[in-house]
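Structure first, commentary second.
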Amino acid sequence: MAGSTHASPIDKPASSTGRKQSPGSEAWRRFRRHKLALVSAVILVLIALSVLLGPLIWTIPINDIDFSARLAGPSIKHPMGTDDLGQDLLARMLYGGRISLAVGLAAMVIAILVGVLVGAIAGMSRGWVDAFLMWLTDLFLSLPQLPLLLLIFYLFNDALKKWVGPETGVFILVVAVIGGLRWMPVARLVRAQFLSLREKEFVEAARALGASPTRQVLKHILPNAMGPVIVAATIDVAAAIIAESTLSFLGLGFPPDIPTWGRILFDAKDHLDIAPHWALFPGLMIFITVLTINYIGDGLRDAFDPRRVL
Amino acid sequence: MQLSDIESGLRREIEAVKSGKLSRRDFIHQMVLAGLTAPMAAQLLMHAGVAHAQQYKSAYKPSKRGGGGPLRVLWWQGPTLLNPHFATGTKDQEGSRIFYEPLAAWDTDGNLVPILAAEVPSVANKTVAPDGKWVIWKLKQGVKWHDGKAFTADDVVFTAAFAADPASAAVTIATYKDVKVTKVDTYTVRVENSRASPFWADPLVGTAGMIIPKHLFEAYVGAKSREAPTNLKPVGTGPYKFVDFKPGDMVRGAINTDYHEPNRPFFDSIEMKGGGDAVSAARAVLQTGEFDYAWNLQVEDEVLKRLETGGKGKTTITVGGNIEFIQLNSADPWTETEGERAHPKSRHPILNDPAVRSAMSMLVDKQSIQNFIYGRTGIATANFLNNPSRFVSKNAKYEFNPDKAAATLEAAGWKKGSDGVRSKDGKRLKFVFQTSINAPRQKTQQIIKQAAQKAGIDLELKSVAASVFFSSDVANPDTYTKFFCDVQMYTTTMTQPDPELFMNQFVSTNASSKANKWQGRNITRWVNAEYDATHQAAESEQDPVKRAAMFVKMNDLAVGDYTVIPVVARPRVAGMASKLNAPLSAWDNDLWMLRDWYREA
Amino acid sequence: MSQYILRRLLIAIPSLLGISLALFTVLALAPGDPFGELAANPNVPPEVAAELRRKFGMDDPVLVRYWSWFTAMLQGSWGFSFVSRMDVDQLILQRLPTTLVVIGSSQLLALAIALPVGIYAATRPYSIFDQIANTLAFIGFSLPTFFTGILLILLFSITLDWLPFVYRADIAETGWRFYWEHFKQMIMPVTVLGLFQAGSWTRYVRSAVLDVIRLDYVTTARSKGLAERVVIGKHVVRNALIPVVTLVALQMPAIFGGAIVTEQIFRVPGIGSLLISAMLANDTPVIMAVTFVFSILVVFCNLLADVIYGWLDPRISYR
């Protein structure tokens, strides 16, 4: 559990020489010292840039069917090889990466935001607010995902299509559905943290000093409750990317010819023994994305944690 | 092509078979190419008095019953109930076929093979009326139900009445409702059709003809039929007795030591396992040998070939009448007419242009689809590529030629815009193309999309979960019967031996619409007066050759107008252990001859 | 505390009712039709399908259907499957043992891996052991189960031919061979599911232990001269367990209906595959029964977790 007192004597920060540091820039300085987090941030930015700008450089179309080059391994012409219709995998990975990353990150953000909100309110209040929110959480946990997905798509797909266009409409639906069904564990975890944290002395001290509940939450409790939230965030990104491919397996979500990473992985699964490269690249990319987000999260947590010596 | 020409062409062919110039098998093959079914072709020959030369010859070798160990078969959709008259889909029919038997079954050449009947009825033996209005079936004697009671004509009469009763809500009701089955004596029944039909071999034959025991079901007729315990614990006459059933998962049977054929069955027990997907089913038979037989391997041929290299099993291809085809919507799915999308009265603003239809037909690269996706499991339809020219009009051209498609469109006034998509009078050539979720189908969509792009047509691909696509839910817009998009693709199953039911899906009065809750069979909402007239004539036509000619003509009309574009013929593909000997038929269930299955030493 | 438990239990009943109504409504509104195959069959006239729908009360308004379901439930009848024409409770009971054994074992495996590995990795953060454990954990939850399942099948069933990959619920052999055969066919599905779960749980355990291990009282305990084992075991773990308890409580109901992909790949006849095939066939009574049991488990497992929090951290009070 997160605690209140310091574990070790505080190393005097550079501000002891007189320079004033705002908490934000202090955190950034500490983040920079966390090497792994820094490297990961750089890699993530590189990945994001390549999926955004890559197709401008690597111009092979994603659906160029070439029967003579099916299931070819990596080569100069096809750095990531080809699939069973001869389509270039690098181009498909770059194109799909946009969607996969966007879906993964957006769904994760929704799940975390909603989960933290619900968990914090439930954890801080007592009595019927807590009971009601937990009932709501239990309800969402009990809902069978498949009929719910079918229902939501069927109800909202056409309306959204008219409103924002087909691709954006599907994107909104997919993100809402995946994020909307993953907030419950985060809420339960955050609530559990809050239940234990709000009884601790430092919170009591803050209350005695006249801090309003909001301030108590934002400045004292929440920063200390972030541990499981960060873990949940990284797991949710991976889960969201995979969940998107499951959706298209069921005919919901993006059309089958859009090569999101999860979809490429799914298409490749029957050819693992003769064309492992086809599954290797999307699997690797999902893995690296998850890794980098996690280390960034670790770095953030350590950067904001006053007890950690950096 | 004129109807009379088709008819005389058919008669010439039949004469050729009679005189021996044309083999029976070739004749039947040609009929299938022209759109008929093998059983129907065989009936044509039977009617013309062509001798039943090529009977089903059993290849069964073992000389004693039992001793073969367990038979393990894998159906990647497990049966959910075991009463053939309530079967929803072939999985339930196959599960029931382990235990129940019909009077006769169809072999792969379209011949009738007697199972519970003593012999096949024929005009020569005076057991069939010349106009098919009545049939006399002589039953095999000495057959016992699994619980020891004797099988008699009472059971046959009961089965027909059971299925015909609307309160039972049996799925086989259409076969029996216009038919009267009466007992002549303990081992003879008489079947009377309410109207003359040259195709009399529908009731009591094949999947719809499995006989159920009267003494176990008579307390559960009509509304109570669903509560019969025998629904879950079948008692039949088949080669295996019921042991255990877990819906969706597994059916088990043990050898029937009193089976009515000598030396059969070979195996001591049978286990039918369900669930999973087609690829792993193929692996289980072809690679690891955990199972002896796997049904319906809808898998890319590449993958199948790779799996076969281990030598443990082989893929068997049985050619039937199933065709994967593309439909073009004749109605307009994007505007509401009288509050309904794709109203039969509406006409599609773009797809009714003959140039567009013809262009679409030239964009389907059937050869590549066969070579790179389906392989042996999907033959670029012989139906319309290399077919006997005497039966199909010269207008139906099926070549893959995107350039020619582009030229056709250009000539008709569809000019390419800056985004590469053609348009005319403000209408863009953009279509939504839907199908069910299935890896080969998605790949086919992609191949067609690319060809279409070259010609200047933009296809938006859509794939729908199979259970939704093939459902009849009135509320769901994505079913294939609603066809709320421009183009769709799926496989027609010609499991019913008589094509008449198949053919009425192009009659304009059958157009699928809100009024009939989208149950109408004419999904493309196509309207063609000549077709309607021909179909009406065929319904009351007595002469089987004239009738067959009409079907060929109707087929030609539908295809010639490009309302349907055939892609590949889909034979049945199954995986078998290399030592397994199992006769298969495309016109009946896979387990139609389960008693003759054996394993070579 | 006991007051709190009593109150929660009493609230659980109306809350379950509310959940069941919400579930039922979602199912009723969702697209799909159990009699779809009938309609696609040209042999079946539309009247037959319509008659079946009427018989099963499918055209009645939602609240009417809910009420008849509810009253039937109270009388102990869980409904009648449209698809199998069989009692739903029989269907579930047939599959319950397999589910408990296979899926249950995988959760135990996951816990057995996650706890020791997570704790040990947290005591030596950023060491070699920690890095390896983390990497393996990331691989564990980045790779979907359909992928690892097929990988294992390719390796153990096809290349090495050591293990069967189609699960058979009834095995003819007796005696120790019976157990051996069951064990052989269980290894792969249990491993696939267990490793996937262990990946995320290890990360949570490690994070929770890390949070606790830097606190003053741990330093105090060490400086008192207690053995490291005791420090970790008695002081650290107990306090770090709260998030772990939360997660395990969240995951328990998933045993009953959650392992859909694994069950599909290995053809394990568990309740998950029953649920998915019922969903695809729109067999509402089965879906309703399974999801209702699921929701009961959810409510009670979370209640249990709340009670355990109070025991783990005495400062937590529920006023």
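Here, A, B, ... name the chains of the structure tokens in the order displayed, residue numbers run from 1 inside each chain, and ligands are numbered from 1 in the same displayed order.
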
Review point. Counting only C-alpha atoms, which residues of chain A come no farther than 8 Å from chain B, as JSON, numbers by chain?
Key: {"A": [63, 64, 65, 67, 85, 154, 249, 250, 251, 252, 255, 256, 257, 270, 271]}

Practice item. Could you give me, as an MDAnalysis selection string, the residues within 10 Å of Ser4 (chain B), counting only C-alpha atoms and dropping anything in the same chain fewer than 5 positions from it? Key: chainID B and resid 9:10 546 549:550 553

Go ahead and write the residues just picked, C-alpha atoms, as a short mmCIF file (atom, residue, chain, number, x, y, z; two decimals), in the first residue's frame.
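Saved to part.cif:
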```cif
data_model
loop_
_atom_site.label_atom_id
_atom_site.label_comp_id
_atom_site.auth_asym_id
_atom_site.auth_seq_id
_atom_site.Cartn_x
_atom_site.Cartn_y
_atom_site.Cartn_z
CA GLY B 9 -31.61 -31.13 -77.15
CA LEU B 10 -32.42 -32.90 -73.90
CA LYS B 546 -40.07 -30.65 -71.03
CA ALA B 549 -35.79 -28.05 -70.43
CA MET B 550 -37.74 -25.29 -68.76
CA LYS B 553 -34.00 -22.12 -69.83
#
```

Check your understanding: Quick one: which residues from chain B are at most 8 Å off chain C, using only C-alpha atoms, as a PyMOL selection string?
Key -> chain B and resi 80-81+88-89+166+169-175+226-227+232+246-249+274-277+280+284+287-288+290+467-468+470-473+475-476+501-502+519+521

Review point. Tell me, which residues of region 104-297 of chain C carry DSSP helix (DSSP H, G or I), written as a ChimeraX atom specification?
Key: /C:104-123,128-142,145-159,176-213,216-223,228-255,260-266,271-280,284-297

Got time to write the residues from that selection, C-alpha atoms, as a compact mmCIF listing (two decimals), in the first residue's frame?
```txt
# COMPACT_ATOMS: atom_id res chain seq x y z
CA GLY C 104 -10.17 -23.62 -12.57
CA SER C 105 -6.73 -25.23 -12.82
CA SER C 106 -5.55 -22.51 -15.14
CA GLN C 107 -6.47 -19.81 -12.63
CA LEU C 108 -4.69 -21.71 -9.89
CA LEU C 109 -1.67 -22.08 -12.14
CA ALA C 110 -1.72 -18.36 -12.86
CA LEU C 111 -1.86 -17.55 -9.17
CA ALA C 112 0.85 -20.07 -8.39
CA ILE C 113 3.14 -18.36 -10.90
CA ALA C 114 2.19 -14.75 -10.31
CA LEU C 115 2.55 -14.62 -6.53
CA PRO C 116 6.05 -15.96 -6.06
CA VAL C 117 7.45 -14.43 -9.22
CA GLY C 118 5.86 -11.04 -8.61
CA ILE C 119 6.98 -10.88 -5.00
CA TYR C 120 10.52 -11.99 -5.73
CA ALA C 121 10.85 -9.60 -8.65
CA ALA C 122 9.70 -6.74 -6.48
CA THR C 123 12.25 -7.47 -3.80
CA ILE C 128 18.15 -9.68 -14.11
CA PHE C 129 15.42 -11.79 -12.62
CA ASP C 130 13.07 -8.84 -12.61
CA GLN C 131 13.83 -7.92 -16.20
CA ILE C 132 13.29 -11.45 -17.42
CA ALA C 133 10.12 -11.85 -15.40
CA ASN C 134 8.78 -8.58 -16.73
CA THR C 135 9.57 -9.44 -20.31
CA LEU C 136 7.93 -12.81 -20.02
CA ALA C 137 4.92 -11.21 -18.38
CA PHE C 138 4.63 -8.70 -21.24
CA ILE C 139 4.86 -11.45 -23.80
CA GLY C 140 2.22 -13.29 -21.83
CA PHE C 141 -0.46 -10.68 -22.12
CA SER C 142 0.53 -9.15 -25.47
CA THR C 145 -4.68 -16.81 -26.59
CA PHE C 146 -5.66 -17.84 -30.10
CA PHE C 147 -2.05 -17.28 -31.07
CA THR C 148 -0.30 -19.02 -28.18
CA GLY C 149 -2.80 -21.85 -28.40
CA ILE C 150 -1.97 -22.53 -32.02
CA LEU C 151 1.72 -22.17 -31.30
CA LEU C 152 1.55 -24.82 -28.62
CA ILE C 153 -0.54 -27.10 -30.83
CA LEU C 154 1.99 -26.80 -33.63
CA LEU C 155 4.79 -27.58 -31.26
CA PHE C 156 3.45 -30.29 -29.02
CA SER C 157 0.76 -31.98 -31.07
CA ILE C 158 1.99 -31.75 -34.60
CA THR C 159 5.75 -31.53 -34.50
CA TRP C 176 -4.39 -44.45 -13.57
CA ARG C 177 -4.50 -44.35 -17.37
CA PHE C 178 -7.73 -42.39 -17.09
CA TYR C 179 -6.03 -39.71 -15.09
CA TRP C 180 -2.96 -39.76 -17.29
CA GLU C 181 -5.00 -39.29 -20.46
CA HIS C 182 -7.00 -36.48 -18.87
CA PHE C 183 -3.81 -34.84 -17.70
CA LYS C 184 -2.21 -35.03 -21.13
CA GLN C 185 -5.11 -33.34 -22.85
CA MET C 186 -5.41 -30.73 -20.12
CA ILE C 187 -1.84 -29.48 -20.19
CA MET C 188 -2.10 -27.28 -23.24
CA PRO C 189 -5.37 -25.45 -22.58
CA VAL C 190 -4.45 -24.94 -18.92
CA THR C 191 -1.02 -23.62 -19.87
CA VAL C 192 -2.31 -21.27 -22.55
CA LEU C 193 -4.91 -19.73 -20.30
CA GLY C 194 -2.75 -19.82 -17.19
CA LEU C 195 0.21 -18.08 -18.79
CA PHE C 196 -1.97 -15.39 -20.30
CA GLN C 197 -3.49 -14.68 -16.92
CA ALA C 198 -0.17 -15.00 -15.08
CA GLY C 199 1.33 -12.32 -17.29
CA SER C 200 -0.97 -9.58 -16.09
CA TRP C 201 -1.22 -10.83 -12.51
CA THR C 202 2.56 -10.91 -12.11
CA ARG C 203 2.71 -7.28 -13.06
CA TYR C 204 0.02 -6.34 -10.54
CA VAL C 205 1.64 -8.31 -7.73
CA ARG C 206 5.01 -6.77 -8.44
CA SER C 207 3.58 -3.27 -8.51
CA ALA C 208 1.66 -3.78 -5.29
CA VAL C 209 4.67 -5.22 -3.46
CA LEU C 210 6.89 -2.43 -4.74
CA ASP C 211 4.49 0.12 -3.28
CA VAL C 212 4.67 -1.47 0.13
CA ILE C 213 8.29 -2.50 0.34
CA ASP C 216 8.89 2.74 7.01
CA TYR C 217 7.46 -0.16 8.86
CA VAL C 218 9.26 -2.56 6.55
CA THR C 219 12.53 -0.84 7.34
CA THR C 220 11.61 -1.06 10.98
CA ALA C 221 10.92 -4.74 10.71
CA ARG C 222 14.24 -5.32 9.02
CA SER C 223 16.10 -3.26 11.51
CA GLU C 228 13.89 -11.35 5.22
CA ARG C 229 11.50 -14.23 4.70
CA VAL C 230 9.48 -13.15 7.70
CA VAL C 231 9.58 -9.51 6.73
CA ILE C 232 8.21 -10.27 3.31
CA GLY C 233 5.84 -12.97 4.39
CA LYS C 234 4.32 -11.37 7.41
CA HIS C 235 4.52 -7.67 6.76
CA VAL C 236 4.81 -6.96 3.10
CA VAL C 237 2.57 -9.52 1.47
CA ARG C 238 -0.43 -9.00 3.64
CA ASN C 239 -0.56 -5.34 2.83
CA ALA C 240 0.26 -5.83 -0.80
CA LEU C 241 -2.51 -8.30 -1.24
CA ILE C 242 -5.40 -5.87 -1.55
CA PRO C 243 -5.11 -5.29 -5.29
CA VAL C 244 -4.43 -8.97 -5.78
CA VAL C 245 -7.59 -9.91 -3.94
CA THR C 246 -9.50 -7.42 -6.08
CA LEU C 247 -8.22 -9.02 -9.24
CA VAL C 248 -8.77 -12.59 -8.20
CA ALA C 249 -12.32 -11.73 -7.16
CA LEU C 250 -12.88 -10.09 -10.54
CA GLN C 251 -11.51 -13.08 -12.36
CA MET C 252 -13.27 -15.88 -10.48
CA PRO C 253 -16.61 -15.53 -12.28
CA ALA C 254 -14.79 -15.74 -15.60
CA ILE C 255 -14.13 -19.37 -14.87
CA ILE C 260 -14.12 -18.68 -24.92
CA VAL C 261 -11.15 -18.65 -27.26
CA THR C 262 -9.22 -21.36 -25.47
CA GLU C 263 -12.27 -23.58 -25.31
CA GLN C 264 -12.81 -23.09 -29.00
CA ILE C 265 -9.27 -23.88 -30.03
CA PHE C 266 -8.97 -27.01 -27.97
CA ILE C 271 -19.54 -23.38 -20.24
CA GLY C 272 -17.72 -20.70 -22.22
CA SER C 273 -18.25 -22.57 -25.48
CA LEU C 274 -21.86 -23.25 -24.49
CA LEU C 275 -22.32 -19.53 -24.01
CA ILE C 276 -20.77 -18.54 -27.30
CA SER C 277 -22.66 -21.10 -29.34
CA ALA C 278 -25.87 -20.08 -27.59
CA MET C 279 -25.09 -16.46 -28.42
CA LEU C 280 -24.43 -17.23 -32.04
CA THR C 284 -31.94 -16.88 -25.26
CA PRO C 285 -32.83 -19.23 -22.37
CA VAL C 286 -29.33 -20.64 -22.28
CA ILE C 287 -27.70 -17.22 -22.50
CA MET C 288 -29.96 -15.87 -19.78
CA ALA C 289 -29.29 -18.76 -17.44
CA VAL C 290 -25.53 -18.69 -17.85
CA THR C 291 -25.20 -14.93 -17.60
CA PHE C 292 -27.45 -14.87 -14.58
CA VAL C 293 -25.31 -17.40 -12.74
CA PHE C 294 -22.35 -15.34 -13.87
CA SER C 295 -23.82 -12.18 -12.38
CA ILE C 296 -24.54 -13.96 -9.09
CA LEU C 297 -20.91 -14.98 -8.98
```

Check your understanding: Which polymer residues have any atom within 9 Å of an atom of Leu90 (chain A), counting only C-alpha atoms, with same-chain residues fewer than 4 positions away left out, as an MDAnalysis selection string?
Key -> chainID A and resid 58 60 62 78:82 94:95 281

Would you output that residue set with N, CA and C atoms, as a PDB file, in the first residue's frame?
```pdb
ATOM      1  N   TRP A  58       7.052   5.034 -47.990  1.00  0.00           N
ATOM      2  CA  TRP A  58       6.955   3.677 -48.534  1.00  0.00           C
ATOM      3  C   TRP A  58       5.622   3.567 -49.244  1.00  0.00           C
ATOM      4  N   ILE A  60       4.182   1.586 -51.568  1.00  0.00           N
ATOM      5  CA  ILE A  60       3.497   0.421 -52.148  1.00  0.00           C
ATOM      6  C   ILE A  60       2.082   0.369 -51.574  1.00  0.00           C
ATOM      7  N   ILE A  62      -1.420  -0.930 -50.070  1.00  0.00           N
ATOM      8  CA  ILE A  62      -1.581  -2.031 -49.128  1.00  0.00           C
ATOM      9  C   ILE A  62      -2.335  -3.207 -49.723  1.00  0.00           C
ATOM     10  N   HIS A  78      10.366  -6.473 -50.170  1.00  0.00           N
ATOM     11  CA  HIS A  78       9.321  -6.536 -49.146  1.00  0.00           C
ATOM     12  C   HIS A  78       9.999  -6.746 -47.795  1.00  0.00           C
ATOM     13  N   PRO A  79      10.371  -5.647 -47.134  1.00  0.00           N
ATOM     14  CA  PRO A  79      11.155  -5.797 -45.913  1.00  0.00           C
ATOM     15  C   PRO A  79      10.499  -6.629 -44.829  1.00  0.00           C
ATOM     16  N   MET A  80       9.160  -6.703 -44.876  1.00  0.00           N
ATOM     17  CA  MET A  80       8.535  -7.556 -43.873  1.00  0.00           C
ATOM     18  C   MET A  80       7.921  -8.799 -44.510  1.00  0.00           C
ATOM     19  N   GLY A  81       8.200  -9.013 -45.768  1.00  0.00           N
ATOM     20  CA  GLY A  81       7.616 -10.169 -46.422  1.00  0.00           C
ATOM     21  C   GLY A  81       6.225  -9.871 -46.957  1.00  0.00           C
ATOM     22  N   THR A  82       5.572 -10.914 -47.432  1.00  0.00           N
ATOM     23  CA  THR A  82       4.222 -10.733 -47.967  1.00  0.00           C
ATOM     24  C   THR A  82       3.275 -11.742 -47.346  1.00  0.00           C
ATOM     25  N   LEU A  94       2.225  -0.414 -41.576  1.00  0.00           N
ATOM     26  CA  LEU A  94       2.250   1.033 -41.397  1.00  0.00           C
ATOM     27  C   LEU A  94       0.837   1.594 -41.409  1.00  0.00           C
ATOM     28  N   TYR A  95       0.047   1.116 -42.370  1.00  0.00           N
ATOM     29  CA  TYR A  95      -1.320   1.628 -42.477  1.00  0.00           C
ATOM     30  C   TYR A  95      -2.148   1.217 -41.266  1.00  0.00           C
ATOM     31  N   PHE A 281       5.850 -10.129 -37.178  1.00  0.00           N
ATOM     32  CA  PHE A 281       5.933  -8.676 -37.137  1.00  0.00           C
ATOM     33  C   PHE A 281       4.802  -8.014 -36.361  1.00  0.00           C
TER      34      PHE A 281
END
```

Practice item. Identify, with DSSP run on backbone atoms, the residues in region 259-366 of chain B assigned to strand (DSSP E or B), and express the list as a PyMOL selection string. Key: chain B and resi 269-274+293-294+313-318+323-328+336-337+340-341

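With only C-alpha atoms as the atoms that count, the minimum distance from Phe132 (chain A) to the choices C:Ala22, C:Leu6, C:Ala259, C:Ala12 is reached by C:Ala12.
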
Practice item. Extract, using only C-alpha atoms, all DNA, RNA and protein residues at most 10 Å from Lys454 (chain B), discarding same-chain residues fewer than 5 positions from it, and format them as number ranges by chain. Key: B: 363, 402-403, 405-406, 420-421, 449

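Checking A:Met285, A:Ile172, A:Val203, A:Leu143 one by one against chain C, counting only C-alpha atoms, you find the shortest gap at A:Leu143.
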
Review point. So how far away is CA of Ala294 (chain B) from CA of Trp76 (chain B), in Å?
Key: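 The value is 7.8 Å.
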
Review point. What is the CA of Asn83 (chain B)-CA of Val251 (chain B) distance in Å, reported with one decimal?
Key: 12.8 Å

Find the spatial neighbours of Lys312 (chain B), counting only C-alpha atoms, within a cut-off of 9 Å - ignore same-chain residues fewer than 5 positions away - and output them as a PDB file with C-alpha atoms, in the first residue's frame.
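The result, stored in out_3.pdb:
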```
ATOM      1  CA  VAL B 285      -7.430 -35.749 -39.282  1.00  0.00           C
ATOM      2  CA  LEU B 286      -4.636 -35.006 -41.714  1.00  0.00           C
ATOM      3  CA  GLN B 287      -1.791 -34.202 -39.371  1.00  0.00           C
ATOM      4  CA  THR B 288      -2.220 -35.829 -36.017  1.00  0.00           C
ATOM      5  CA  GLY B 289      -4.601 -38.636 -36.910  1.00  0.00           C
ATOM      6  CA  LEU B 307      -1.430 -30.888 -44.149  1.00  0.00           C
ATOM      7  CA  MET B 576     -10.283 -38.809 -44.233  1.00  0.00           C
ATOM      8  CA  ALA B 577      -7.669 -40.952 -42.581  1.00  0.00           C
ATOM      9  CA  SER B 578      -5.711 -42.637 -45.317  1.00  0.00           C
ATOM     10  CA  LYS B 579      -6.860 -46.117 -44.394  1.00  0.00           C
TER      11      LYS B 579
END
```

Exercise for review: Would you mind reading off the distance between CA of Tyr176 (chain B) and CA of Asn193 (chain B), one decimal, in Å?
Suggested key: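 CA of Asn193 (chain B) lies 9.2 Å from CA of Tyr176 (chain B).
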
Review point. If we count only C-alpha atoms, what is near Ala104 (chain B) at a cut-off of 9 Å, once residues fewer than 3 positions away on the same chain are taken out, given as a VMD selection string?
Key: chain B and resid 101 112 to 117 119 to 120 201 204 to 206 209

Practice item. Would you mind telling me which residue in A:Ala243, A:Ile43, A:Leu117, A:Leu195 lies nearest to chain C when using only C-alpha atoms? Key: A:Leu195

**Study point:** Spatial neighbours of region 554-568 of chain B, max dist 6 Å, only C-alpha atoms, sep filter under 3 positions, as a PyMOL selection string
**Key:** chain B and resi 323-328+366+378-381+392+396+531+551

Store the residues of this selection in a file with C-alpha atoms, as a PDB file, in the first residue's frame.
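For reference, again_27.pdb as written:
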```
ATOM      1  CA  ILE B 323     -22.286 -22.808 -56.276  1.00  0.00           C
ATOM      2  CA  GLU B 324     -20.694 -19.782 -54.676  1.00  0.00           C
ATOM      3  CA  PHE B 325     -22.225 -16.851 -56.439  1.00  0.00           C
ATOM      4  CA  ILE B 326     -22.509 -13.088 -56.383  1.00  0.00           C
ATOM      5  CA  GLN B 327     -25.872 -11.362 -56.490  1.00  0.00           C
ATOM      6  CA  LEU B 328     -26.532  -7.919 -57.921  1.00  0.00           C
ATOM      7  CA  LYS B 366     -12.494 -16.979 -61.215  1.00  0.00           C
ATOM      8  CA  GLY B 378     -13.711 -24.524 -55.666  1.00  0.00           C
ATOM      9  CA  ILE B 379     -13.850 -25.062 -59.353  1.00  0.00           C
ATOM     10  CA  ALA B 380     -14.159 -21.945 -61.516  1.00  0.00           C
ATOM     11  CA  THR B 381     -17.692 -22.705 -62.460  1.00  0.00           C
ATOM     12  CA  VAL B 392     -26.861 -21.925 -72.898  1.00  0.00           C
ATOM     13  CA  ALA B 396     -23.666 -15.177 -71.505  1.00  0.00           C
ATOM     14  CA  TYR B 531     -38.912 -16.189 -66.392  1.00  0.00           C
ATOM     15  CA  PHE B 551     -35.369 -25.331 -65.815  1.00  0.00           C
TER      16      PHE B 551
END
```

Exercise for review: Point out the residue among A:Ile296, A:Ala268, A:Leu160, A:Leu189 with the least atom-to-atom distance to chain C, counting only C-alpha atoms.
Suggested key: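 With only C-alpha atoms as the atom set, the closest residue is A:Leu189.
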